[in-house]
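my_file-v1.cif follows (mmCIF, C-alpha atoms):
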data_final
loop_
_atom_site.label_atom_id
_atom_site.label_comp_id
_atom_site.auth_asym_id
_atom_site.auth_seq_id
_atom_site.Cartn_x
_atom_site.Cartn_y
_atom_site.Cartn_z
CA MET A 11 115.13 9.35 111.10
CA SER A 12 111.97 10.44 109.33
CA GLY A 13 112.35 12.04 105.95
CA PRO A 14 110.15 14.44 104.08
CA GLY A 15 107.41 11.86 103.83
CA VAL A 16 106.61 11.96 100.15
CA VAL A 17 104.55 9.18 98.67
CA GLY A 18 107.42 7.32 97.03
CA ALA A 19 107.48 4.37 94.68
CA PRO A 20 106.40 1.14 96.32
CA ALA A 21 109.33 -0.53 98.00
CA GLY A 22 109.31 -4.25 98.72
CA GLY A 23 111.07 -6.67 101.02
CA LEU A 24 114.39 -5.51 102.34
CA ALA A 25 114.01 -2.14 100.60
CA LEU A 26 110.90 -1.50 102.69
CA VAL A 27 112.71 -2.56 105.86
CA ASP A 28 115.49 -0.15 104.95
CA GLN A 29 112.90 2.58 104.38
CA LEU A 30 111.38 1.81 107.79
CA LEU A 31 114.72 2.64 109.38
CA ARG A 32 115.69 5.61 107.22
CA ASP A 33 112.52 7.30 106.01
CA ARG A 34 109.47 6.36 108.02
CA GLY A 35 107.65 9.46 106.80
CA ALA A 36 107.49 8.00 103.29
CA VAL A 37 106.16 4.68 104.62
CA LEU A 38 103.53 6.51 106.67
CA ALA A 39 102.54 8.50 103.60
CA ARG A 40 101.97 5.28 101.66
CA ILE A 41 99.84 3.89 104.46
CA GLU A 42 97.88 7.14 104.62
CA ALA A 43 97.30 6.93 100.86
CA GLY A 44 96.15 3.33 101.27
CA ARG A 45 98.41 2.07 98.47
CA GLY A 46 99.85 -1.46 98.50
CA LEU A 47 98.79 -2.09 102.08
CA THR A 48 98.68 -5.90 101.73
CA GLY A 49 102.21 -6.11 100.34
CA MET A 50 103.53 -3.76 103.00
CA MET A 51 101.81 -5.66 105.80
CA ARG A 52 103.36 -8.89 104.53
CA VAL A 53 106.81 -7.34 104.89
CA PHE A 54 105.98 -5.86 108.30
CA VAL A 55 104.71 -9.22 109.58
CA ALA A 56 107.80 -11.00 108.24
CA THR A 57 109.97 -8.37 109.97
CA ILE A 58 108.11 -8.91 113.23
CA VAL A 59 108.42 -12.69 112.97
CA VAL A 60 112.15 -12.63 112.20
CA GLY A 61 112.97 -9.84 114.68
CA ALA A 62 110.95 -11.35 117.52
CA ALA A 63 112.30 -14.83 116.82
CA LEU A 64 115.90 -13.58 117.05
CA THR A 65 115.11 -11.71 120.27
CA GLY A 66 113.27 -14.72 121.67
CA ALA A 67 116.23 -16.96 120.86
CA ALA A 68 118.55 -14.55 122.68
CA MET A 69 116.21 -14.61 125.69
CA GLY A 70 116.07 -18.40 125.61
CA SER A 71 119.86 -18.56 125.57
CA PHE A 72 119.75 -17.81 129.33
CA ARG A 73 118.69 -21.43 129.81
CA GLY A 74 119.92 -22.78 126.47
CA GLY A 75 118.85 -25.98 124.76
CA ALA A 76 115.21 -26.33 123.74
CA GLN A 77 114.30 -23.02 125.39
CA ILE A 78 116.09 -21.13 122.60
CA GLY A 79 113.67 -22.60 120.07
CA PHE A 80 110.65 -22.32 122.36
CA ALA A 81 111.18 -18.61 123.05
CA ALA A 82 111.96 -17.98 119.37
CA ILE A 83 108.57 -19.44 118.47
CA LYS A 84 106.60 -17.85 121.31
CA LEU A 85 107.70 -14.21 121.05
CA PRO A 86 106.40 -13.69 117.47
CA ILE A 87 103.14 -15.42 118.51
CA ALA A 88 102.80 -13.07 121.49
CA LEU A 89 103.42 -9.95 119.40
CA LEU A 90 101.25 -10.87 116.42
CA GLY A 91 98.48 -12.27 118.60
CA THR A 92 98.37 -9.05 120.59
CA ALA A 93 98.30 -7.01 117.38
CA ALA A 94 95.41 -9.08 116.01
CA LEU A 95 93.44 -8.70 119.25
CA CYS A 96 94.07 -4.97 119.61
CA ALA A 97 94.04 -3.48 116.08
CA PRO A 98 90.21 -3.35 115.90
CA ALA A 99 90.27 -1.39 119.17
CA LEU A 100 92.34 1.34 117.48
CA THR A 101 89.78 1.58 114.66
CA ALA A 102 86.93 1.66 117.17
CA LEU A 103 88.62 4.35 119.27
CA GLY A 104 89.28 6.41 116.14
CA ARG A 105 85.70 6.08 114.95
CA GLY A 106 84.41 6.87 118.40
CA LEU A 107 86.46 10.07 118.30
CA GLY A 108 85.02 11.00 114.90
CA ARG A 109 87.47 9.56 112.36
CA PRO A 110 86.28 7.70 109.22
CA ALA A 111 86.58 3.89 109.37
CA ALA A 112 90.04 2.65 108.35
CA LEU A 113 90.63 -0.87 109.64
CA ALA A 114 93.13 -1.83 106.90
CA ARG A 115 95.16 1.36 107.40
CA ASP A 116 95.06 0.94 111.17
CA LEU A 117 96.23 -2.65 110.86
CA ALA A 118 99.05 -1.52 108.56
CA LEU A 119 100.01 1.23 111.01
CA VAL A 120 100.00 -1.17 113.97
CA THR A 121 102.09 -3.78 112.14
CA MET A 122 104.46 -1.05 110.94
CA ALA A 123 104.91 0.19 114.52
CA LEU A 124 105.50 -3.36 115.72
CA ALA A 125 107.98 -3.97 112.91
CA VAL A 126 109.97 -0.93 114.04
CA GLY A 127 109.73 -2.21 117.62
CA ALA A 128 110.98 -5.63 116.48
CA LEU A 129 113.92 -4.00 114.67
CA VAL A 130 114.80 -2.11 117.85
CA LEU A 131 114.64 -5.40 119.76
CA VAL A 132 117.02 -6.98 117.25
CA ALA A 133 119.39 -4.05 117.76
CA LEU A 134 119.32 -4.83 121.50
CA VAL A 135 119.99 -8.57 121.10
CA PRO A 136 123.75 -8.04 121.71
CA VAL A 137 122.89 -6.53 125.11
CA LEU A 138 121.02 -9.73 126.06
CA LEU A 139 123.88 -11.87 124.77
CA VAL A 140 126.49 -9.86 126.70
CA ALA A 141 124.42 -10.43 129.86
CA ARG A 142 124.48 -14.15 129.07
CA ALA A 143 128.23 -14.02 128.41
CA VAL A 144 128.95 -12.44 131.81
CA ASP A 145 126.55 -14.91 133.53
CA LEU A 146 124.19 -12.23 134.82
CA GLU A 147 122.04 -13.89 137.49
CA TYR A 148 118.36 -14.81 136.92
CA HIS A 149 116.60 -11.78 138.44
CA GLY A 150 119.05 -9.36 136.82
CA SER A 151 118.40 -11.07 133.50
CA ILE A 152 114.65 -10.76 134.00
CA LEU A 153 114.96 -7.02 134.67
CA LEU A 154 117.23 -6.59 131.66
CA THR A 155 114.76 -8.47 129.43
CA VAL A 156 111.88 -6.31 130.67
CA GLY A 157 113.97 -3.20 130.02
CA VAL A 158 114.79 -4.33 126.48
CA GLY A 159 111.10 -5.02 125.85
CA ALA A 160 110.18 -1.59 127.22
CA VAL A 161 112.61 0.14 124.84
CA GLY A 162 111.19 -1.78 121.86
CA GLY A 163 107.64 -1.00 123.02
CA ALA A 164 108.41 2.70 123.44
CA ALA A 165 109.83 2.84 119.90
CA ALA A 166 106.70 1.18 118.53
CA ILE A 167 104.40 3.57 120.43
CA ALA A 168 106.35 6.58 119.14
CA VAL A 169 105.86 5.37 115.56
CA LEU A 170 102.16 4.72 116.14
CA ALA A 171 101.60 8.15 117.69
CA GLY A 172 103.52 9.78 114.85
CA GLY A 173 101.37 7.94 112.31
CA LEU A 174 98.13 9.04 113.94
CA ARG A 175 99.30 12.64 114.23
CA ARG A 176 100.46 12.63 110.61
CA ALA A 177 97.03 11.43 109.49
CA ALA A 178 95.63 14.50 111.32
CA VAL A 179 93.44 12.24 113.40
CA ARG A 180 91.41 14.24 115.86
CA ASP A 181 92.62 13.51 119.41
CA ALA A 182 95.53 11.51 117.95
CA GLY A 183 97.41 11.68 121.25
CA LEU A 184 94.43 10.35 123.21
CA ALA A 185 93.81 7.55 120.69
CA ALA A 186 97.50 6.58 120.70
CA ALA A 187 97.70 6.67 124.50
CA LEU A 188 94.58 4.56 124.96
CA PHE A 189 95.67 2.09 122.30
CA ALA A 190 99.17 1.86 123.81
CA LEU A 191 97.59 1.12 127.18
CA ILE A 192 95.31 -1.57 125.74
CA PHE A 193 98.22 -3.05 123.79
CA ALA A 194 100.48 -3.05 126.86
CA VAL A 195 97.82 -4.68 129.06
CA VAL A 196 96.92 -7.36 126.49
CA GLY A 197 100.56 -7.89 125.50
CA ALA A 198 101.62 -8.31 129.13
CA GLN A 199 98.89 -10.90 129.64
CA GLY A 200 99.90 -12.63 126.39
CA ALA A 201 103.54 -12.78 127.52
CA TRP A 202 102.40 -14.01 130.96
CA THR A 203 100.31 -16.76 129.36
CA LEU A 204 103.24 -17.90 127.22
CA ARG A 205 105.76 -18.11 130.10
CA PRO A 206 108.48 -19.23 130.69
CA TRP A 207 110.82 -16.98 128.71
CA LEU A 208 114.12 -17.31 130.57
CA VAL A 209 113.35 -20.38 132.79
CA ARG A 210 114.43 -20.45 136.46
CA PRO A 211 117.74 -22.27 136.94
CA ARG A 212 116.17 -24.74 139.41
CA THR A 213 113.45 -25.84 136.95
CA PRO A 214 114.32 -29.43 135.98
CA GLU A 215 112.31 -29.67 132.73
CA VAL A 216 111.67 -26.85 130.28
CA PRO A 217 107.96 -26.67 129.37
CA PHE A 218 106.82 -24.92 126.16
CA VAL A 219 104.28 -23.03 128.30
CA ARG A 220 103.38 -23.30 131.96
CA SER A 221 99.97 -24.53 133.00
CA LEU A 222 97.47 -21.67 133.28
CA GLU A 223 97.65 -20.14 136.78
CA GLY A 224 95.27 -17.21 136.46
CA SER A 225 96.05 -13.89 134.84
CA LEU A 226 98.96 -11.52 135.36
CA TYR A 227 96.57 -9.12 137.06
CA ASP A 228 95.41 -11.79 139.51
CA ALA A 229 99.07 -12.43 140.31
CA VAL A 230 99.68 -8.69 140.85
CA LEU A 231 96.63 -8.51 143.16
CA ASP A 232 97.81 -11.58 145.09
CA THR A 233 101.27 -10.05 145.48
CA ALA A 234 99.76 -6.77 146.67
CA ARG A 235 97.67 -8.69 149.22
CA SER A 236 100.70 -10.67 150.37
CA ALA A 237 102.64 -7.42 150.76
CA THR A 238 100.02 -6.26 153.25
CA GLY A 239 100.13 -9.55 155.16
CA ARG A 240 97.00 -11.15 153.62
CA TYR A 241 97.89 -14.55 152.23
CA THR A 242 95.61 -16.69 150.07
CA ARG A 243 97.69 -19.87 150.48
CA ALA A 244 98.54 -21.71 153.67
CA GLU A 245 102.16 -22.08 152.56
CA ALA A 246 104.39 -21.39 149.58
CA PRO A 247 104.97 -24.34 147.24
CA LEU A 248 108.36 -26.01 147.54
CA PRO A 249 110.32 -27.36 144.57
CA GLU A 250 109.82 -31.05 144.03
CA ALA A 251 112.67 -33.33 145.02
CA PRO A 252 114.73 -34.38 142.00
CA MET B 28 65.71 9.06 111.83
CA SER B 29 67.84 6.27 110.43
CA SER B 30 70.98 7.83 111.89
CA ILE B 31 69.28 7.91 115.30
CA SER B 32 68.29 4.25 115.02
CA SER B 33 71.83 3.30 113.90
CA SER B 34 73.20 5.24 116.88
CA VAL B 35 70.85 3.42 119.22
CA ALA B 36 71.74 0.08 117.60
CA SER B 37 75.49 0.54 118.02
CA ALA B 38 74.99 2.03 121.48
CA ALA B 39 73.13 -1.14 122.44
CA ALA B 40 75.43 -3.56 120.60
CA GLY B 41 78.61 -2.36 122.32
CA PRO B 42 77.44 -2.67 125.95
CA LEU B 43 75.65 -5.92 125.06
CA ALA B 44 78.90 -7.35 123.72
CA VAL B 45 80.85 -6.30 126.83
CA GLY B 46 78.06 -7.77 128.98
CA ALA B 47 78.19 -11.01 126.97
CA VAL B 48 81.95 -11.36 127.57
CA LEU B 49 81.44 -10.92 131.33
CA THR B 50 78.46 -13.29 131.26
CA LEU B 51 80.54 -16.01 129.61
CA ARG B 52 83.37 -15.58 132.11
CA LEU B 53 81.25 -15.26 135.26
CA HIS B 54 78.69 -17.89 134.20
CA ASP B 55 75.85 -15.55 135.12
CA PRO B 56 73.42 -13.74 132.79
CA ALA B 57 73.31 -10.61 134.97
CA PRO B 58 76.10 -8.65 133.18
CA LEU B 59 74.32 -9.13 129.84
CA VAL B 60 71.49 -7.03 131.24
CA ALA B 61 73.49 -4.90 133.66
CA VAL B 62 75.92 -3.25 131.23
CA PRO B 63 73.33 -1.97 128.69
CA ALA B 64 70.94 -1.14 131.54
CA VAL B 65 73.53 1.04 133.25
CA VAL B 66 74.38 2.88 130.03
CA PHE B 67 70.79 3.65 129.08
CA ALA B 68 69.55 4.25 132.61
CA VAL B 69 72.30 6.75 133.37
CA ALA B 70 71.71 8.49 130.02
CA ALA B 71 67.94 8.62 130.55
CA LEU B 72 68.17 9.78 134.15
CA THR B 73 70.90 12.39 133.89
CA LEU B 74 70.82 13.91 130.39
CA PRO B 75 67.56 15.84 130.96
CA ALA B 76 69.23 17.49 133.95
CA LEU B 77 72.15 18.59 131.78
CA TYR B 78 69.81 20.03 129.16
CA ILE B 79 67.67 21.87 131.72
CA ALA B 80 70.65 23.28 133.59
CA ALA B 81 72.33 24.37 130.33
CA ALA B 82 69.09 26.00 129.18
CA VAL B 83 68.71 27.86 132.47
CA VAL B 84 72.19 29.37 132.16
CA GLY B 85 71.59 30.10 128.46
CA ALA B 86 74.18 27.61 127.18
CA ALA B 87 71.93 24.91 125.76
CA PRO B 88 71.79 24.39 121.99
CA PRO B 89 68.36 23.75 120.40
CA ILE B 90 66.74 20.49 121.54
CA GLY B 91 67.25 18.86 118.13
CA ASP B 92 71.00 19.50 118.33
CA VAL B 93 71.06 18.07 121.84
CA VAL B 94 69.31 14.89 120.68
CA ARG B 95 71.80 14.54 117.81
CA ALA B 96 74.74 15.15 120.18
CA VAL B 97 73.45 12.46 122.54
CA GLY B 98 73.02 10.06 119.62
CA ARG B 99 76.60 10.75 118.51
CA ALA B 100 77.92 10.19 122.02
CA LEU B 101 76.02 6.91 122.46
CA HIS B 102 77.21 5.81 119.02
CA ALA B 103 80.81 6.51 120.06
CA LEU B 104 80.31 4.63 123.32
CA GLY B 105 78.97 1.59 121.48
CA LEU B 106 81.83 1.60 118.96
CA VAL B 107 84.48 1.84 121.67
CA HIS B 108 82.87 -1.01 123.59
CA LEU B 109 82.76 -3.12 120.43
CA GLY B 110 86.45 -2.37 119.81
CA LEU B 111 87.34 -3.43 123.35
CA VAL B 112 85.48 -6.75 123.20
CA MET B 113 88.34 -8.88 121.82
CA PRO B 114 91.05 -7.59 124.19
CA LEU B 115 88.59 -7.87 127.09
CA ALA B 116 87.61 -11.43 126.17
CA PHE B 117 91.27 -12.43 126.06
CA LEU B 118 92.05 -10.79 129.39
CA VAL B 119 89.09 -12.13 131.35
CA ALA B 120 89.41 -15.67 129.95
CA SER B 121 92.14 -16.56 132.46
CA SER B 122 91.26 -14.03 135.19
CA GLY B 123 89.55 -14.59 138.51
CA SER B 124 86.02 -13.22 138.88
CA GLU B 125 87.11 -10.08 140.78
CA THR B 126 89.72 -9.21 138.16
CA ALA B 127 87.23 -9.94 135.37
CA PHE B 128 84.73 -7.58 137.02
CA ALA B 129 87.40 -4.87 137.37
CA LEU B 130 88.48 -5.24 133.74
CA GLY B 131 84.85 -5.10 132.61
CA ALA B 132 84.30 -1.96 134.67
CA ILE B 133 87.39 -0.35 133.11
CA ALA B 134 86.11 -1.19 129.61
CA VAL B 135 82.69 0.30 130.39
CA ALA B 136 84.29 3.40 131.91
CA THR B 137 86.58 3.89 128.89
CA GLY B 138 83.57 3.92 126.58
CA ALA B 139 81.79 6.34 128.91
CA ALA B 140 84.79 8.68 129.00
CA ILE B 141 85.02 8.79 125.19
CA ALA B 142 81.25 9.34 125.00
CA LEU B 143 81.53 12.29 127.39
CA LYS B 144 84.28 13.80 125.27
CA VAL B 145 82.19 13.40 122.10
CA LEU B 146 79.11 14.80 123.85
CA ARG B 147 81.00 17.86 125.07
CA ALA B 148 82.38 18.53 121.58
CA ALA B 149 78.99 17.99 119.95
CA LEU B 150 77.18 20.28 122.40
CA PHE B 151 79.67 23.08 122.80
CA GLY B 152 82.07 22.75 119.85
CA ASP B 153 85.56 21.27 119.63
CA GLY B 154 87.18 23.86 121.86
CA ALA B 155 86.87 23.53 125.60
CA PRO B 156 83.60 25.06 126.80
CA ALA B 157 84.27 28.37 128.46
CA GLY B 158 83.82 29.19 132.13
CA GLY B 159 80.42 28.32 133.51
CA ARG B 160 79.62 25.87 130.73
CA ALA B 161 82.78 23.89 131.52
CA VAL B 162 81.93 23.78 135.23
CA LEU B 163 78.35 22.78 134.42
CA PHE B 164 79.33 20.04 131.97
CA TRP B 165 82.11 18.47 134.05
CA SER B 166 80.04 18.63 137.24
CA TRP B 167 77.23 16.85 135.44
CA ALA B 168 79.73 14.32 133.99
CA ALA B 169 81.16 13.59 137.44
CA VAL B 170 77.67 13.03 138.87
CA ALA B 171 76.71 10.78 135.94
CA LEU B 172 79.89 8.71 136.36
CA VAL B 173 79.32 8.33 140.10
CA ILE B 174 75.72 7.21 139.53
CA GLY B 175 76.79 4.84 136.76
CA GLY B 176 79.61 3.40 138.83
CA ARG B 177 77.37 2.84 141.82
CA LEU B 178 74.63 1.25 139.71
CA PHE B 179 77.11 -1.02 137.92
CA GLY B 180 78.66 -2.04 141.24
CA GLU B 181 75.30 -2.80 142.81
CA LEU B 182 74.07 -4.83 139.85
CA MET B 183 77.31 -6.82 139.68
CA THR B 184 78.21 -7.28 143.34
CA GLU B 185 76.16 -10.42 143.85
CA VAL B 186 77.49 -11.96 140.66
CA VAL B 187 81.12 -11.42 141.69
CA ALA B 188 80.43 -12.49 145.28
#
Mind converting the file's structure to structure tokens?
Amino acid sequence: MSGPGVVGAPAGGLALVDQLLRDRGAVLARIEAGRGLTGMMRVFVATIVVGAALTGAAMGSFRGGAQIGFAAIKLPIALLGTAALCAPALTALGRGLGRPAALARDLALVTMALAVGALVLVALVPVLLVARAVDLEYHGSILLTVGVGAVGGAAAIAVLAGGLRRAAVRDAGLAAALFALIFAVVGAQGAWTLRPWLVRPRTPEVPFVRSLEGSLYDAVLDTARSATGRYTRAEAPLPEAP
Amino acid sequence: MSSISSSVASAAAGPLAVGAVLTLRLHDPAPLVAVPAVVFAVAALTLPALYIAAAVVGAAPPIGDVVRAVGRALHALGLVHLGLVMPLAFLVASSGSETAFALGAIAVATGAAIALKVLRAALFGDGAPAGGRAVLFWSWAAVALVIGGRLFGELMTEVVA
């Protein structure tokens, strides 16, 4: 719940995380004022790392073993890598739409939004674990994981849009929508590159990442072609004999 | 004058950077020339028509304001393209050539769309232009986008093929 949004005394560590959950208006006001951005970003990044690692571990529990650690390492990398690639785009979009340059504030806003998203993901970890406990099958687990990610992403986008509107950025909605689209596209490709997350039950060995097989968007195009009866391979690959 | 030259510099740097990303991925120098060429050719070929048509219907600001508005729009286009370079480079790195072309085209079009929005605001004010001016501007914008899209496609087809 957002509070009145006064520029309060600098909060650090867990106090800032608590403020993120209870009074985001005050955190946004501090970002807008440009005070203590480095310290705040450190806390946001730590929140993202811890939150994403916990969520990744829960995802990896579908397969268990080394995959728990692999997914716990990969999810924070995917989120922070996407943020690093996309934050300059938010600044460029803002400047293109007539806003003064504010890369540090944009980076703080993006990491804040992601930190909130990561906290939402942590709140949904029990849902993933319940699915594991009731032995939800592979494709159901994939859909559930995508749904959990979508909820976390939506929460992050809402925070980002609120931050841009609060800063009275001209065309804040357009900037937020374009940035969310760029972030979603890059993030999806990042997650695709760092597969596997759950690991198919028939996979004998768990790799940290699969070998590069083109982009997510190539795969979507191939699937669309296959759906219309145009195949690019003579036959589907079969699993290797154990 | 310096603001015009900085506008031109950023307008050139953005499309050049997008073209460089596509050049690296497609292993062909054509995009490095094609992207800036499309931006400046479409601007040079279609903006006079907008000014003349707006002047005929009595909606054109003074020529100096039009030049400044165009500079602002090109500046915005260049900045947006520069901002999209890192995400684009990441996305095309593992994409096939057709997907890389499509992603590059989307990046170019996004910059163009923002530039059109900035141009409209700079020419006619922040509010939506009323009646005939709106029809005139958006008709011109549609024509410019079609010409730009066709030109970009033609310049890039052989590279992708």
Distance criterion (only C-alpha atoms): nearest to Gly106 (chain A) out of A:Leu64, A:Leu184, A:Ala94, A:Val156: A:Leu184
For CA of Arg99 (chain B) and CA of Leu77 (chain B), the interatomic separation in Å (one decimal):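 One can read the CA of Arg99 (chain B) to CA of Leu77 (chain B) distance as 16.0 Å.
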Evaluate the PyMOL selection byres ((chain B) within 7 of (chain A)) and report residues as a list in words: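 What the PyMOL selection byres ((chain B) within 7 of (chain A)) grabs from the file is Ala103, Leu104, Leu106, Val107, Gly110, Leu111, Met113, Pro114, Leu118, Ser121, Ser122, Gly123, Thr126 and Val145 of chain B.
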Result set of the PyMOL selection byres ((chain A and resi 138) around 12) on the coordinates above, as a PyMOL selection string: chain A and resi 64-72+131-137+139-146+150-159+208
Computed interatomic separation between CA of Leu204 (chain A) and CA of Ser236 (chain A) (Å): 24.4 Å
Two-atom distance - CA of Ala62 (chain A), CA of Leu129 (chain A) (Å): 8.4 Å
Answer key for the PyMOL selection byres ((chain B and resi 147) around 12), residues as a PyMOL selection string: (chain A and resi 107) or (chain B and resi 77+87-88+93+96-97+99-100+140-146+148-157+160-165+167-168)
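Shortest separation to Phe218 (chain A) among A:Val161, A:Leu38, A:Ile78, A:Leu113 occurs at residue A:Ile78, atoms counted being only C-alpha atoms.
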Closest of B:Gly175, B:Gly105, B:Pro63, B:Gly85 to Ser34 (chain B) - atom-to-atom distances counting all atoms listed in the file: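 With all atoms listed in the file as the atom set, the closest residue is B:Gly105.
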Exercise: Leu124 (chain A) partners within 12 Å, all atoms listed in the file, chain neighbours under 5 positions left out, as a PyMOL selection string: chain A and resi 30+51+53-62+86+88-94+97+117-119+129-131+159+162-170+190+193+197
Nearest candidate to Gln29 (chain A) (options A:Ala201, A:Val126, A:Ala187, A:Arg45; using all atoms listed in the file):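 For Gln29 (chain A), the nearest of the candidates is A:Val126.
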Option closest in space to Val69 (chain B), from B:Val186, B:Val94, B:Ala132, B:Ala139 [counting all atoms listed in the file]: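 Looking only at the distances to Val69 (chain B), the closest residue turns out to be B:Ala139.
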Minimum-distance residue to Gly23 (chain A), chosen among A:Ile41, A:Trp207, A:Ala36, A:Gly49 (using all atoms listed in the file): A:Gly49
